[in-house]
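Enquirer: What follows is work_19.cif, mmCIF, C-alpha atoms.
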```
data_structure
#
loop_
_atom_site.label_atom_id
_atom_site.label_comp_id
_atom_site.auth_asym_id
_atom_site.auth_seq_id
_atom_site.Cartn_x
_atom_site.Cartn_y
_atom_site.Cartn_z
CA MET A 195 -44.77 12.61 11.66
CA ALA A 196 -42.56 10.73 14.08
CA GLU A 197 -44.87 7.71 13.86
CA ASP A 198 -44.63 7.75 10.04
CA ILE A 199 -40.86 7.78 10.30
CA LYS A 200 -40.85 4.94 12.82
CA GLY A 201 -43.11 2.93 10.50
CA LYS A 202 -40.90 3.74 7.53
CA LEU A 203 -37.79 2.74 9.46
CA GLU A 204 -39.35 -0.60 10.39
CA ARG A 205 -40.23 -1.31 6.76
CA TYR A 206 -36.89 -0.02 5.44
CA ARG A 207 -35.37 -2.13 2.68
CA THR A 208 -33.10 0.24 0.79
CA ALA A 209 -32.62 3.90 -0.08
CA PRO A 210 -35.65 5.05 -2.10
CA PHE A 211 -35.45 6.85 -5.42
CA ASP A 212 -34.49 10.49 -4.97
CA SER A 213 -35.50 12.69 -7.88
CA ARG A 214 -32.68 15.13 -7.09
CA PHE A 215 -30.15 12.41 -8.02
CA PRO A 216 -31.64 10.35 -10.86
CA ASN A 217 -28.44 9.12 -12.47
CA THR A 218 -26.13 6.22 -11.80
CA ASN A 219 -23.66 8.40 -9.90
CA GLN A 220 -25.07 8.54 -6.36
CA THR A 221 -22.09 10.29 -4.75
CA LYS A 222 -24.06 13.44 -4.06
CA ASN A 223 -26.96 11.43 -2.67
CA CYS A 224 -24.62 9.84 -0.10
CA TRP A 225 -23.07 13.22 0.76
CA GLN A 226 -26.43 14.96 1.07
CA ASN A 227 -27.88 12.33 3.39
CA TYR A 228 -24.78 12.37 5.57
CA LEU A 229 -25.11 16.15 5.85
CA ASP A 230 -28.86 15.92 6.44
CA TYR A 231 -28.41 13.43 9.28
CA HIS A 232 -25.98 15.64 11.15
CA ARG A 233 -27.91 18.84 10.43
CA CYS A 234 -31.13 17.15 11.60
CA GLN A 235 -29.45 16.00 14.80
CA LYS A 236 -28.03 19.44 15.47
CA SER A 237 -31.32 21.16 14.72
CA LEU A 238 -33.58 18.83 16.72
CA GLU A 239 -31.18 18.75 19.65
CA SER A 240 -31.11 22.51 19.85
CA LYS A 241 -34.93 22.50 19.83
CA GLY A 242 -34.99 19.87 22.56
CA VAL A 243 -37.05 17.46 20.45
CA ASP A 244 -36.45 13.71 20.17
CA VAL A 245 -33.79 13.02 17.50
CA ALA A 246 -35.19 9.63 16.45
CA PRO A 247 -36.65 10.87 13.11
CA CYS A 248 -33.12 11.72 11.96
CA ASP A 249 -32.41 7.99 11.81
CA TRP A 250 -34.04 7.90 8.37
CA TYR A 251 -31.12 9.88 6.95
CA LYS A 252 -28.69 7.69 8.84
CA ARG A 253 -30.14 4.51 7.32
CA VAL A 254 -30.02 6.02 3.83
CA TYR A 255 -26.41 7.18 4.06
CA LYS A 256 -25.36 3.88 5.57
CA THR A 257 -26.95 2.18 2.58
CA LEU A 258 -25.34 4.43 0.00
CA CYS A 259 -21.96 5.51 1.32
CA PRO A 260 -18.77 3.47 1.26
CA ILE A 261 -17.65 2.75 4.82
CA SER A 262 -14.25 4.36 4.21
CA TRP A 263 -15.90 7.66 3.29
CA VAL A 264 -18.07 7.62 6.41
CA GLU A 265 -15.08 6.90 8.60
CA LYS A 266 -13.08 9.65 6.93
CA TRP A 267 -15.87 12.18 7.39
CA ASP A 268 -16.42 11.16 11.01
CA GLY A 269 -12.71 11.68 11.63
CA GLN A 270 -12.85 15.06 9.92
CA ARG A 271 -15.84 16.11 12.00
CA ASP A 272 -13.98 15.19 15.18
CA ASP A 273 -10.93 17.15 14.05
CA GLY A 274 -13.01 20.10 12.98
CA THR A 275 -11.82 19.87 9.36
CA PHE A 276 -15.08 18.61 7.87
CA PRO A 277 -15.64 20.47 4.56
CA GLY A 278 -19.43 20.46 4.61
CA LYS A 279 -21.67 22.92 6.41
CA ILE A 280 -23.48 21.24 9.33
CA MET B 178 -14.87 45.41 -40.87
CA LEU B 179 -18.65 45.31 -41.02
CA GLY B 180 -18.49 47.70 -44.01
CA THR B 181 -16.15 45.37 -45.91
CA VAL B 182 -18.34 42.37 -45.15
CA SER B 183 -21.56 44.08 -46.24
CA LYS B 184 -19.88 45.34 -49.45
CA GLN B 185 -18.74 41.80 -50.26
CA LEU B 186 -22.15 40.40 -49.40
CA ARG B 187 -23.84 42.80 -51.79
CA SER B 188 -21.70 41.52 -54.67
CA HIS B 189 -22.13 37.85 -53.59
CA PRO B 190 -25.65 37.60 -52.17
CA ALA B 191 -25.51 33.80 -52.23
CA LEU B 192 -23.37 33.98 -49.10
CA ILE B 193 -26.20 35.35 -46.98
CA PRO B 194 -27.66 31.94 -46.02
CA LEU B 195 -24.17 31.03 -44.77
CA PHE B 196 -24.26 33.91 -42.31
CA VAL B 197 -27.81 33.06 -41.32
CA PHE B 198 -27.09 29.45 -40.53
CA ILE B 199 -23.74 30.03 -38.83
CA GLY B 200 -25.24 32.87 -36.83
CA GLY B 201 -28.21 30.71 -35.89
CA GLY B 202 -25.88 27.95 -34.74
CA CYS B 203 -23.87 30.36 -32.57
CA VAL B 204 -27.06 31.73 -31.03
CA MET B 205 -28.30 28.21 -30.23
CA CYS B 206 -24.97 27.24 -28.61
CA ALA B 207 -24.93 30.37 -26.49
CA ALA B 208 -28.55 29.85 -25.51
CA TYR B 209 -27.88 26.26 -24.43
CA LEU B 210 -24.88 27.26 -22.34
CA ALA B 211 -26.87 30.08 -20.76
CA ARG B 212 -29.73 27.67 -20.00
CA LEU B 213 -27.31 25.24 -18.36
CA GLY B 214 -25.81 27.99 -16.26
CA ILE B 215 -29.14 29.44 -15.17
CA CYS B 216 -31.59 26.53 -15.01
CA SER B 217 -29.47 23.55 -14.08
CA PRO B 218 -30.13 22.47 -10.48
CA GLU B 219 -26.47 21.57 -10.01
CA VAL B 220 -25.19 25.11 -10.65
CA SER B 221 -24.74 27.64 -7.86
CA TRP B 222 -23.51 31.14 -8.71
CA ASN B 223 -23.89 32.57 -5.24
CA ARG B 224 -22.16 30.37 -2.69
CA ASN B 225 -23.64 32.17 0.31
CA GLY B 226 -27.16 32.83 -0.92
CA ASN B 227 -27.77 29.61 -2.84
CA PRO B 228 -25.44 26.92 -1.54
CA GLU B 229 -27.39 23.78 -2.45
CA PRO B 230 -29.81 24.50 -5.31
CA TRP B 231 -30.80 20.85 -5.75
CA ASN B 232 -32.47 20.95 -2.34
CA LYS B 233 -34.94 23.53 -3.57
CA LEU B 234 -36.58 21.11 -6.00
CA ALA B 235 -39.97 19.50 -5.46
CA PRO B 236 -39.82 15.71 -4.93
CA THR B 237 -41.75 15.34 -8.19
CA TYR B 238 -39.18 17.32 -10.21
CA GLN B 239 -38.22 15.41 -13.33
CA TYR B 240 -34.53 15.90 -14.00
CA LYS B 241 -34.27 13.45 -16.86
CA PHE B 242 -35.76 14.21 -20.22
CA TYR B 243 -37.67 10.95 -20.68
CA ALA B 244 -38.99 8.80 -17.85
CA VAL B 245 -39.44 5.21 -18.99
CA ASN B 246 -41.56 3.63 -16.25
CA LEU B 247 -41.38 5.95 -13.25
CA ASP B 248 -44.49 7.93 -12.33
CA TYR B 249 -43.04 11.21 -11.04
CA SER B 250 -46.37 12.51 -9.79
CA LYS B 251 -46.45 9.78 -7.12
CA LEU B 252 -43.11 10.64 -5.52
CA LYS B 253 -43.03 12.17 -2.06
CA LYS B 254 -40.43 13.65 0.24
CA GLU B 255 -38.92 10.78 2.18
CA GLY B 256 -36.95 12.19 5.08
CA PRO B 257 -38.32 14.12 8.05
CA ASP B 258 -38.26 17.91 8.17
CA TYR B 259 -36.00 19.62 10.60
#
```
Could you express the structure from this file as structure tokens?
Expert:
Amino acid sequence: MAEDIKGKLERYRTAPFDSRFPNTNQTKNCWQNYLDYHRCQKSLESKGVDVAPCDWYKRVYKTLCPISWVEKWDGQRDDGTFPGKI
Amino acid sequence: MLGTVSKQLRSHPALIPLFVFIGGGCVMCAAYLARLGICSPEVSWNRNGNPEPWNKLAPTYQYKFYAVNLDYSKLKKEGPDY
């Protein structure tokens, strides 16, 4: 599983098609991957497992999300005002 | 009110198809709205029990009505499980 993800990360070109978000508006796709990355980190850290597989979600959200959004959300997470559930 | 309507209908039976078609249209509208509320993967009625319903879909779920040149059966889950 981790080897597949490492292979996928090495061959990464862009965010793949996600059937949950088939339309032009990819806002939710960006949001979901941002949430998934931080949830994955939290979950794997609490299990004591290597967090490297979570980088898939990080690559996808970095592809999709505007930088200003990511910075805003990072700031909100630091302040404790982040609206999503992580 | 129903009594008045049925009395008038009996003297003008040609109005019955009007009721049938208008009634049918209302039923179809209500059914479509109900389907959107119940089956749409973007709708969550229970914030605590079902917070993100789009995450419960299979990766091969076809949201759009007509897929032009995308083979949905070949899609897989991309990210790792956690």
Enquirer: Please report, as JSON, the centre and edge lengths in Å to one decimal of an axis-aligned box covering all listed atoms of segment 198-212 of chain A with 6 Å per side.
Expert:
```
{"center_x": -38.6, "center_y": 4.2, "center_z": 3.7, "size_x": 24.0, "size_y": 24.6, "size_z": 30.2}
```
Enquirer: With the cut-off set at 9 Å and counting all atoms listed in the file, tabulate each residue of chain B with an atom at most that distance from an atom of chain A, showing the nearest atom pair and its distance in Å to one decimal, ordered by chain and increasing number, as JSON lines.
Expert:
```
{"residue": "B:Pro218", "atom": "CA", "partner": "A:Arg214", "partner_atom": "CA", "distance": 8.5}
{"residue": "B:Trp231", "atom": "CA", "partner": "A:Arg214", "partner_atom": "CA", "distance": 6.2}
{"residue": "B:Asn232", "atom": "CA", "partner": "A:Arg214", "partner_atom": "CA", "distance": 7.5}
{"residue": "B:Leu234", "atom": "CA", "partner": "A:Arg214", "partner_atom": "CA", "distance": 7.2}
{"residue": "B:Ala235", "atom": "CA", "partner": "A:Ser213", "partner_atom": "CA", "distance": 8.5}
{"residue": "B:Pro236", "atom": "CA", "partner": "A:Ser213", "partner_atom": "CA", "distance": 6.0}
{"residue": "B:Thr237", "atom": "CA", "partner": "A:Ser213", "partner_atom": "CA", "distance": 6.8}
{"residue": "B:Tyr238", "atom": "CA", "partner": "A:Ser213", "partner_atom": "CA", "distance": 6.4}
{"residue": "B:Gln239", "atom": "CA", "partner": "A:Ser213", "partner_atom": "CA", "distance": 6.7}
{"residue": "B:Tyr240", "atom": "CA", "partner": "A:Ser213", "partner_atom": "CA", "distance": 7.0}
{"residue": "B:Lys241", "atom": "CA", "partner": "A:Pro216", "partner_atom": "CA", "distance": 7.2}
{"residue": "B:Tyr249", "atom": "CA", "partner": "A:Ser213", "partner_atom": "CA", "distance": 8.3}
{"residue": "B:Leu252", "atom": "CA", "partner": "A:Ser213", "partner_atom": "CA", "distance": 8.2}
{"residue": "B:Lys254", "atom": "CA", "partner": "A:Asp212", "partner_atom": "CA", "distance": 8.5}
{"residue": "B:Glu255", "atom": "CA", "partner": "A:Pro210", "partner_atom": "CA", "distance": 7.9}
{"residue": "B:Gly256", "atom": "CA", "partner": "A:Trp250", "partner_atom": "CA", "distance": 6.1}
{"residue": "B:Pro257", "atom": "CA", "partner": "A:Pro247", "partner_atom": "CA", "distance": 6.2}
{"residue": "B:Asp258", "atom": "CA", "partner": "A:Cys234", "partner_atom": "CA", "distance": 7.9}
{"residue": "B:Tyr259", "atom": "CA", "partner": "A:Cys234", "partner_atom": "CA", "distance": 5.6}
```
Enquirer: Could you please determine the separation between atom CA of Glu219 of chain B and atom CA of Arg271 of chain A in Å, to one decimal place?
Expert: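 Going from atom CA of Glu219 of chain B over to atom CA of Arg271 of chain A covers 25.0 Å.
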Enquirer: With distances taken over all atoms listed in the file, which of A:Trp225, A:Val243, A:Thr218, A:Gly201 is nearest to Tyr255 of chain A?
Expert: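 Nearest to Tyr255 of chain A: A:Trp225.
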Enquirer: Calculate how many Å separate atom CA of Gly278 of chain A from atom CA of Val220 of chain B, rounding to one decimal.
Expert: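 Answer for the atom CA of Gly278 of chain A to atom CA of Val220 of chain B separation: 17.0 Å.
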Enquirer: Find the distance between atom CA of Asp268 of chain A and atom CA of His232 of chain A and write it in Å to one decimal.
Expert: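 Separating atom CA of Asp268 of chain A from atom CA of His232 of chain A is a distance of 10.6 Å.
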